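This is upload.cif (mmCIF, C-alpha atoms).
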```
data_entry
loop_
_atom_site.label_atom_id
_atom_site.label_comp_id
_atom_site.auth_asym_id
_atom_site.auth_seq_id
_atom_site.Cartn_x
_atom_site.Cartn_y
_atom_site.Cartn_z
CA MET A 85 -42.44 52.92 21.57
CA ASP A 86 -38.71 52.35 21.91
CA ASP A 87 -38.33 50.87 18.41
CA GLU A 88 -40.01 53.79 16.70
CA ARG A 89 -38.25 56.76 15.18
CA GLY A 90 -39.05 60.29 14.10
CA THR A 91 -39.31 61.68 10.60
CA GLY A 92 -36.13 63.73 11.08
CA GLU A 93 -35.33 67.23 9.99
CA GLY A 94 -36.58 68.21 6.58
CA ASP A 95 -36.73 71.10 4.20
CA ARG A 96 -36.71 74.55 5.73
CA ARG A 97 -40.08 76.10 6.37
CA ASP A 98 -41.07 79.32 4.72
CA ASP A 99 -40.16 82.09 7.20
CA GLY A 100 -43.43 83.81 6.34
CA ALA A 101 -45.58 80.82 7.25
CA PRO A 102 -48.23 81.45 9.94
CA PRO A 103 -47.73 79.89 13.40
CA PRO A 104 -50.48 77.23 12.99
CA PHE A 105 -48.79 75.86 9.88
CA ARG A 106 -45.38 75.88 11.55
CA ALA A 107 -46.78 74.02 14.54
CA ALA A 108 -48.48 71.47 12.26
CA VAL A 109 -45.21 70.84 10.41
CA ASP A 110 -43.29 70.53 13.70
CA ALA A 111 -45.77 67.84 14.80
CA LEU A 112 -45.15 65.92 11.58
CA ARG A 113 -41.41 66.07 12.13
CA ALA A 114 -41.70 64.89 15.73
CA ALA A 115 -43.98 61.91 15.00
CA ARG A 116 -42.74 58.48 16.12
CA LEU A 117 -43.17 55.83 13.45
CA ARG A 118 -42.68 52.12 12.89
CA PRO A 119 -39.05 51.29 12.02
CA GLN A 120 -40.10 49.46 8.84
CA ILE A 121 -41.41 52.73 7.39
CA GLU A 122 -38.79 55.08 5.99
CA VAL A 123 -40.08 58.66 5.86
CA GLU A 124 -38.39 61.72 4.42
CA PRO A 125 -39.47 65.20 3.30
CA SER A 126 -40.09 65.77 -0.39
CA PRO A 127 -40.79 68.85 -2.53
CA ALA A 128 -44.27 70.15 -1.80
CA PRO A 129 -46.76 71.21 -4.49
CA GLN A 130 -46.78 74.96 -5.06
CA ARG A 131 -50.24 75.65 -6.46
CA LEU A 132 -52.67 73.73 -4.26
CA ALA A 133 -52.51 76.07 -1.26
CA PRO A 134 -50.53 79.07 0.02
CA PHE A 135 -48.53 76.76 2.30
CA ALA A 136 -47.68 73.09 1.84
CA TYR A 137 -45.39 70.44 3.30
CA ALA A 138 -44.87 66.95 1.86
CA LEU A 139 -43.47 63.62 3.03
CA GLU A 140 -42.66 60.43 1.14
CA ALA A 141 -42.63 57.02 2.78
CA THR A 142 -41.55 53.51 1.85
CA VAL A 143 -42.38 50.31 3.70
CA VAL A 144 -39.20 48.23 3.73
CA ASP A 145 -38.62 44.58 4.60
CA GLY A 146 -34.92 43.82 4.16
CA GLU A 147 -34.10 44.61 0.54
CA GLN A 148 -37.75 44.54 -0.48
CA ASP A 149 -39.98 47.59 -0.85
CA LEU A 150 -43.53 46.52 0.01
CA ALA A 151 -45.39 49.80 -0.55
CA ASP A 152 -44.79 53.51 -0.95
CA GLY A 153 -46.76 56.66 -0.50
CA ARG A 154 -46.84 60.43 -0.25
CA LEU A 155 -48.60 62.63 2.29
CA VAL A 156 -49.09 66.36 1.71
CA LEU A 157 -50.21 68.90 4.30
CA LEU A 158 -51.96 71.93 2.80
CA HIS A 159 -52.81 75.14 4.63
CA ASP A 160 -54.87 78.13 3.56
CA PRO A 161 -55.21 80.65 6.43
CA ALA A 162 -58.27 82.16 4.74
CA GLY A 163 -60.05 78.83 4.72
CA HIS A 164 -61.25 76.77 1.78
CA ASP A 165 -64.92 76.15 0.96
CA ALA A 166 -64.36 72.59 -0.26
CA TRP A 167 -62.24 71.69 2.78
CA HIS A 168 -64.53 73.26 5.40
CA GLY A 169 -61.36 74.22 7.24
CA THR A 170 -57.92 75.75 6.83
CA PHE A 171 -55.93 72.48 6.62
CA ARG A 172 -56.15 69.53 4.25
CA LEU A 173 -54.24 66.24 4.05
CA VAL A 174 -53.74 64.63 0.65
CA THR A 175 -52.28 61.18 0.08
CA LEU A 176 -51.23 58.66 -2.54
CA ILE A 177 -50.39 55.06 -1.59
CA ARG A 178 -49.28 52.25 -3.92
CA ALA A 179 -48.55 48.56 -3.41
CA GLU A 180 -48.33 45.43 -5.53
CA LEU A 181 -50.82 42.61 -5.00
CA GLU A 182 -51.08 38.92 -5.60
CA PRO A 183 -53.10 38.52 -8.86
CA GLU A 184 -55.84 36.54 -7.11
CA MET A 185 -56.28 39.33 -4.56
CA ALA A 186 -56.54 41.94 -7.29
CA VAL A 187 -59.67 40.34 -8.79
CA ASP A 188 -61.59 40.46 -5.51
CA PRO A 189 -64.66 42.61 -6.32
CA LEU A 190 -64.74 43.99 -2.77
CA LEU A 191 -61.10 45.13 -2.78
CA PRO A 192 -61.78 48.87 -3.42
CA GLU A 193 -64.36 49.06 -0.62
CA VAL A 194 -62.04 47.18 1.75
CA CYS A 195 -59.10 49.48 1.02
CA TRP A 196 -61.22 52.60 1.58
CA SER A 197 -62.45 51.18 4.88
CA TRP A 198 -58.82 50.72 5.91
CA LEU A 199 -58.25 54.46 5.45
CA THR A 200 -61.24 55.51 7.52
CA GLY A 201 -60.58 52.75 10.03
CA ALA A 202 -56.98 53.86 10.55
CA LEU A 203 -58.16 57.37 11.42
CA GLN A 204 -60.93 56.14 13.70
CA ALA A 205 -58.63 53.67 15.48
CA ARG A 206 -56.58 56.62 16.79
CA GLY A 207 -59.67 58.58 17.77
CA LEU A 208 -59.13 61.27 15.14
CA THR A 209 -61.90 63.53 13.95
CA TYR A 210 -61.94 64.64 10.35
CA GLY A 211 -64.30 65.87 7.65
CA GLU A 212 -64.94 65.94 3.92
CA PRO A 213 -63.15 62.68 3.02
CA SER A 214 -62.87 61.92 -0.67
CA GLY A 215 -60.76 59.72 -2.88
CA THR A 216 -60.37 56.83 -5.28
CA VAL A 217 -59.11 53.25 -5.10
CA THR A 218 -57.66 51.96 -8.37
CA ARG A 219 -56.34 48.54 -9.25
CA ALA A 220 -54.34 47.79 -12.36
CA GLY A 221 -52.69 44.73 -13.89
CA SER A 222 -49.67 44.35 -16.17
CA HIS A 223 -48.97 41.41 -18.50
CA TYR A 224 -45.63 41.04 -20.26
CA PHE A 225 -44.98 39.92 -23.83
CA GLY A 226 -42.13 39.40 -26.26
CA GLY A 227 -38.76 39.93 -24.67
CA LEU A 228 -40.47 40.46 -21.31
CA SER A 229 -42.70 37.37 -21.52
CA GLU A 230 -40.80 35.56 -18.77
CA ARG A 231 -41.91 38.12 -16.21
CA PRO A 232 -44.95 37.12 -14.17
CA ALA A 233 -48.07 39.25 -14.40
CA THR A 234 -48.27 41.96 -11.74
CA SER A 235 -51.16 43.76 -10.08
CA GLN A 236 -51.13 47.04 -8.18
CA ILE A 237 -53.47 48.88 -5.85
CA GLU A 238 -53.44 52.67 -5.64
CA ILE A 239 -55.25 54.77 -3.04
CA ARG A 240 -55.67 58.50 -3.59
CA ALA A 241 -57.47 60.35 -0.83
CA SER A 242 -57.83 63.62 1.02
CA TRP A 243 -59.53 64.72 4.22
CA THR A 244 -59.79 67.72 6.53
CA PRO A 245 -58.21 67.20 9.95
CA ARG A 246 -60.17 68.92 12.71
CA GLU A 247 -58.31 71.80 14.28
CA GLY A 248 -57.54 71.88 17.96
CA LEU A 249 -56.11 74.53 20.27
CA GLY A 250 -54.65 77.48 18.39
CA GLY A 251 -56.25 76.28 15.18
CA VAL A 252 -53.69 73.45 14.82
CA PRO A 253 -54.75 69.88 13.93
CA ASP A 254 -52.99 66.90 15.49
CA THR A 255 -50.93 66.23 12.38
CA GLY A 256 -48.58 63.87 14.20
CA ALA A 257 -51.47 61.53 14.99
CA HIS A 258 -52.77 61.80 11.43
CA LEU A 259 -49.31 60.87 10.13
CA ALA A 260 -49.23 57.87 12.47
CA SER A 261 -52.65 56.71 11.25
CA TRP A 262 -51.50 57.17 7.65
CA CYS A 263 -48.48 54.98 8.39
CA ASP A 264 -50.85 52.40 9.93
CA LEU A 265 -52.69 52.36 6.59
CA LEU A 266 -49.45 52.16 4.62
CA ALA A 267 -48.26 49.21 6.73
CA GLN A 268 -51.61 47.47 6.35
CA VAL A 269 -51.59 47.85 2.57
CA ALA A 270 -48.01 46.52 2.54
CA GLY A 271 -49.07 43.40 4.42
CA LEU A 272 -47.06 44.04 7.59
CA PRO A 273 -48.18 42.29 10.79
CA PRO A 274 -50.26 44.45 13.16
CA ALA A 275 -48.20 46.78 15.33
CA GLY A 276 -49.84 45.73 18.61
CA PRO A 277 -51.84 42.87 20.15
CA GLY A 278 -55.03 44.94 19.98
CA ASP A 279 -54.82 44.93 16.19
CA ALA A 280 -54.55 41.16 15.78
CA SER A 281 -57.90 40.91 13.97
CA VAL A 282 -56.90 43.30 11.18
CA VAL A 283 -56.75 41.70 7.72
CA THR A 284 -53.80 42.77 5.58
CA LEU A 285 -52.88 42.36 1.94
CA PRO A 286 -50.42 39.54 1.16
CA GLN A 287 -46.86 40.70 0.65
CA ARG A 288 -45.19 40.76 -2.72
CA ARG A 289 -43.81 37.44 -3.89
CA GLY A 290 -40.49 38.65 -5.29
CA PRO A 291 -37.95 41.27 -4.19
CA GLN A 292 -37.92 44.66 -5.84
CA SER A 293 -34.67 46.52 -6.32
CA ARG A 294 -34.50 49.81 -4.51
#
```

Do you think you could lay out the structure here as structure tokens?
Amino acid sequence: MDDERGTGEGDRRDDGAPPPFRAAVDALRAARLRPQIEVEPSPAPQRLAPFAYALEATVVDGEQDLADGRLVLLHDPAGHDAWHGTFRLVTLIRAELEPEMAVDPLLPEVCWSWLTGALQARGLTYGEPSGTVTRAGSHYFGGLSERPATSQIEIRASWTPREGLGGVPDTGAHLASWCDLLAQVAGLPPAGPGDASVVTLPQRRGPQSR
């Protein structure tokens, strides 16, 4: 799409990284994303896998941050028993909710279905999904008593992207589906007319300083 943009150049890759990992990172960097989602590289974890690459994203509407998240690509050329593959994607997504939405007993199941639905909507194959959906509320007292109560949803998840030619998964498509999830959690309108039936979380009521 003409109004989409790439993730840009990021941190240098390890020169000793194997070609499949380099190709997977290149696909992340070349992905075309919605303009409301600001994506940039971030320091990758050092102990989860021999090779890792991380991105941070924020959903922005004017001066308001609607949601944020982190996506980490892990690679172990020797394979990993728990992954059932050599690659793994790990994510954390956070967004604030209207208090009445936060008490919905079906909210965790709905949010998890958004993750799997975002992957399926782009025709992606994956395995070994796992994760948690957590909701939390904050109430303010004393000198902070004038602040309204806030509620937050947090999605932590990981899955194994299926590898294609050359042992490289379509990480660009997985990043796009992750951004679809991030936008949905943030309450953005659907990106296309085919997504008009998707239900999204209501946006935050007040602006948040960036």

Write out as CSV the residues of region 102-158 of chain A that have any atom within 9 Å of an atom of region 243-266 of chain A, one row each with the nearest atom pair and its distance in Å to one decimal, counting all atoms listed in the file, sorted by chain and then rising number.
```
residue,atom,partner,partner_atom,distance
A:Pro103,CA,A:Gly250,CA,8.9
A:Pro104,CA,A:Val252,CA,5.3
A:Phe105,CA,A:Val252,CA,7.4
A:Ala107,CA,A:Val252,CA,6.9
A:Ala108,CA,A:Thr255,CA,5.8
A:Val109,CA,A:Thr255,CA,7.6
A:Asp110,CA,A:Gly256,CA,8.5
A:Ala111,CA,A:Gly256,CA,4.9
A:Leu112,CA,A:Gly256,CA,4.8
A:Arg113,CA,A:Gly256,CA,7.8
A:Ala114,CA,A:Gly256,CA,7.1
A:Ala115,CA,A:Gly256,CA,5.1
A:Arg116,CA,A:Ala260,CA,7.5
A:Leu117,CA,A:Ala260,CA,6.5
A:Arg118,CA,A:Cys263,CA,7.9
A:Ile121,CA,A:Cys263,CA,7.5
A:Ala141,CA,A:Cys263,CA,8.4
A:Thr142,CA,A:Leu266,CA,8.5
A:Val143,CA,A:Leu266,CA,7.4
A:Ala151,CA,A:Leu266,CA,7.0
A:Asp152,CA,A:Leu266,CA,7.4
A:Gly153,CA,A:Leu266,CA,7.3
A:Leu155,CA,A:Leu259,CA,8.1
A:Leu157,CA,A:Thr255,CA,8.5
```

If you count all atoms listed in the file, the residue of A:Tyr210, A:Arg172, A:Cys195, A:Glu140 closest to Ala270 (chain A) turns out to be A:Cys195

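Using only C-alpha atoms, the shortest contact distance between Leu181 (chain A) and any of A:Ala267, A:Leu150, A:Ala202, A:Ala101 is found at A:Leu150.
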
Give as a list in words the residues that the PyMOL selection byres ((chain A and resi 128) around 8) matches when applied to the coordinates above.
->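 Answer for the PyMOL selection byres ((chain A and resi 128) around 8): Ser126, Pro127, Pro129, Gln130, Ala136, Tyr137, Ala138 and Val156 of chain A.
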
Using CA of Trp198 (chain A) and CA of Glu238 (chain A) as the two end points, give the distance in Å to one decimal.
->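 Taking CA of Trp198 (chain A) as the start and CA of Glu238 (chain A) as the end point, the length is 12.9 Å.
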
Contacts of Asp160 (chain A) at 9 Å (all atoms listed in the file; same-chain gap of 2+ positions) as a list in words =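 Residues meeting the cut-off are Ala133, Pro134, Phe135, Ala136, Leu158, Ala162, Gly163, His164, Gly169, Thr170, Phe171 and Arg172 of chain A.
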
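Atom to atom, CA of Gly146 (chain A) and CA of Gln120 (chain A) stand 9.0 Å apart.
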
Mind pulling up the distance from CA of Pro192 (chain A) to CA of Pro273 (chain A)?
->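 About the pair CA of Pro273 (chain A) and CA of Pro192 (chain A): they are 20.7 Å apart.
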
Quick one: which residues end up in the PyMOL selection byres ((chain A and resi 212) around 9) for this structure, as a ChimeraX atom specification?
-> /A:166-168,210-211,213-214,242-244

The PyMOL selection byres ((chain A and resi 124) around 6) - which residues does that actually catch in the file I just gave you? List them as a compact mmCIF listing (two decimals) with C-alpha atoms, in the frame of the given file.
```txt
# COMPACT_ATOMS: atom_id res chain seq x y z
CA VAL A 123 -40.08 58.66 5.86
CA PRO A 125 -39.47 65.20 3.30
CA LEU A 139 -43.47 63.62 3.03
CA GLU A 140 -42.66 60.43 1.14
```

Using only C-alpha atoms, find the one residue out of A:Val217, A:Ala179, A:Val174, A:Val187 that sits nearest to Val269 (chain A).
->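 Smallest separation from Val269 (chain A) among the options: A:Ala179.
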
Of the candidates A:Ser229, A:Gln268, A:Gln148, A:Ser222, which shows the shortest atom-to-atom distance to Gly201 (chain A), using only C-alpha atoms?
-> A:Gln268

All heavy atoms for region 213-224 of chain A, written as a CSV table (one decimal), in the frame of the given file, could you do that?
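Written out: selection-v2.csv:
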```csv
chain,number,residue,atom,x,y,z
A,213,PRO,N,-64.1,63.7,3.7
A,213,PRO,CA,-63.2,62.7,3.0
A,213,PRO,C,-63.6,62.4,1.6
A,213,PRO,O,-64.7,62.4,1.2
A,213,PRO,CB,-63.3,61.4,3.9
A,213,PRO,CG,-64.7,61.5,4.4
A,213,PRO,CD,-65.0,63.0,4.6
A,214,SER,N,-62.6,62.3,0.7
A,214,SER,CA,-62.9,61.9,-0.7
A,214,SER,C,-61.7,61.2,-1.2
A,214,SER,O,-60.5,61.3,-0.7
A,214,SER,CB,-63.2,63.2,-1.5
A,214,SER,OG,-62.0,64.0,-1.6
A,215,GLY,N,-61.9,60.4,-2.3
A,215,GLY,CA,-60.8,59.7,-2.9
A,215,GLY,C,-61.2,58.6,-3.8
A,215,GLY,O,-62.3,58.4,-4.1
A,216,THR,N,-60.2,57.9,-4.3
A,216,THR,CA,-60.4,56.8,-5.3
A,216,THR,C,-59.5,55.7,-4.9
A,216,THR,O,-58.4,55.8,-4.3
A,216,THR,CB,-60.0,57.2,-6.7
A,216,THR,OG1,-58.6,57.6,-6.8
A,216,THR,CG2,-60.9,58.4,-7.2
A,217,VAL,N,-59.9,54.5,-5.2
A,217,VAL,CA,-59.1,53.2,-5.1
A,217,VAL,C,-59.1,52.6,-6.5
A,217,VAL,O,-60.1,52.3,-7.1
A,217,VAL,CB,-59.7,52.3,-4.1
A,217,VAL,CG1,-58.9,51.0,-4.1
A,217,VAL,CG2,-59.8,52.9,-2.7
A,218,THR,N,-57.8,52.5,-7.0
A,218,THR,CA,-57.7,52.0,-8.4
A,218,THR,C,-56.8,50.7,-8.3
A,218,THR,O,-55.8,50.7,-7.6
A,218,THR,CB,-57.0,53.0,-9.2
A,218,THR,OG1,-57.7,54.2,-9.2
A,218,THR,CG2,-56.8,52.6,-10.7
A,219,ARG,N,-57.2,49.7,-9.1
A,219,ARG,CA,-56.3,48.5,-9.2
A,219,ARG,C,-56.0,48.4,-10.7
A,219,ARG,O,-56.8,48.6,-11.6
A,219,ARG,CB,-57.0,47.3,-8.7
A,219,ARG,CG,-58.4,47.1,-9.2
A,219,ARG,CD,-59.1,45.9,-8.5
A,219,ARG,NE,-60.5,45.9,-8.7
A,219,ARG,CZ,-61.4,45.1,-8.1
A,219,ARG,NH1,-60.9,44.2,-7.2
A,219,ARG,NH2,-62.6,45.1,-8.3
A,220,ALA,N,-54.8,47.9,-11.0
A,220,ALA,CA,-54.3,47.8,-12.4
A,220,ALA,C,-53.5,46.5,-12.5
A,220,ALA,O,-52.8,46.1,-11.5
A,220,ALA,CB,-53.6,49.0,-12.8
A,221,GLY,N,-53.5,45.9,-13.7
A,221,GLY,CA,-52.7,44.7,-13.9
A,221,GLY,C,-51.8,44.9,-15.1
A,221,GLY,O,-52.1,45.6,-16.1
A,222,SER,N,-50.6,44.3,-15.1
A,222,SER,CA,-49.7,44.4,-16.2
A,222,SER,C,-49.3,42.9,-16.6
A,222,SER,O,-49.0,42.1,-15.8
A,222,SER,CB,-48.4,45.1,-15.8
A,222,SER,OG,-48.7,46.4,-15.4
A,223,HIS,N,-49.4,42.7,-17.9
A,223,HIS,CA,-49.0,41.4,-18.5
A,223,HIS,C,-47.8,41.7,-19.5
A,223,HIS,O,-47.9,42.7,-20.2
A,223,HIS,CB,-50.2,40.8,-19.2
A,223,HIS,CG,-51.3,40.4,-18.3
A,223,HIS,ND1,-51.5,39.2,-17.7
A,223,HIS,CD2,-52.3,41.2,-17.8
A,223,HIS,CE1,-52.5,39.2,-17.0
A,223,HIS,NE2,-53.1,40.4,-17.0
A,224,TYR,N,-46.8,40.8,-19.5
A,224,TYR,CA,-45.6,41.0,-20.3
A,224,TYR,C,-45.5,40.1,-21.5
A,224,TYR,O,-45.9,38.9,-21.4
A,224,TYR,CB,-44.4,40.9,-19.3
A,224,TYR,CG,-44.4,41.8,-18.2
A,224,TYR,CD1,-45.0,41.4,-17.0
A,224,TYR,CD2,-43.9,43.1,-18.3
A,224,TYR,CE1,-45.0,42.3,-15.9
A,224,TYR,CE2,-43.9,44.0,-17.2
A,224,TYR,CZ,-44.5,43.6,-16.0
A,224,TYR,OH,-44.5,44.4,-14.9
```
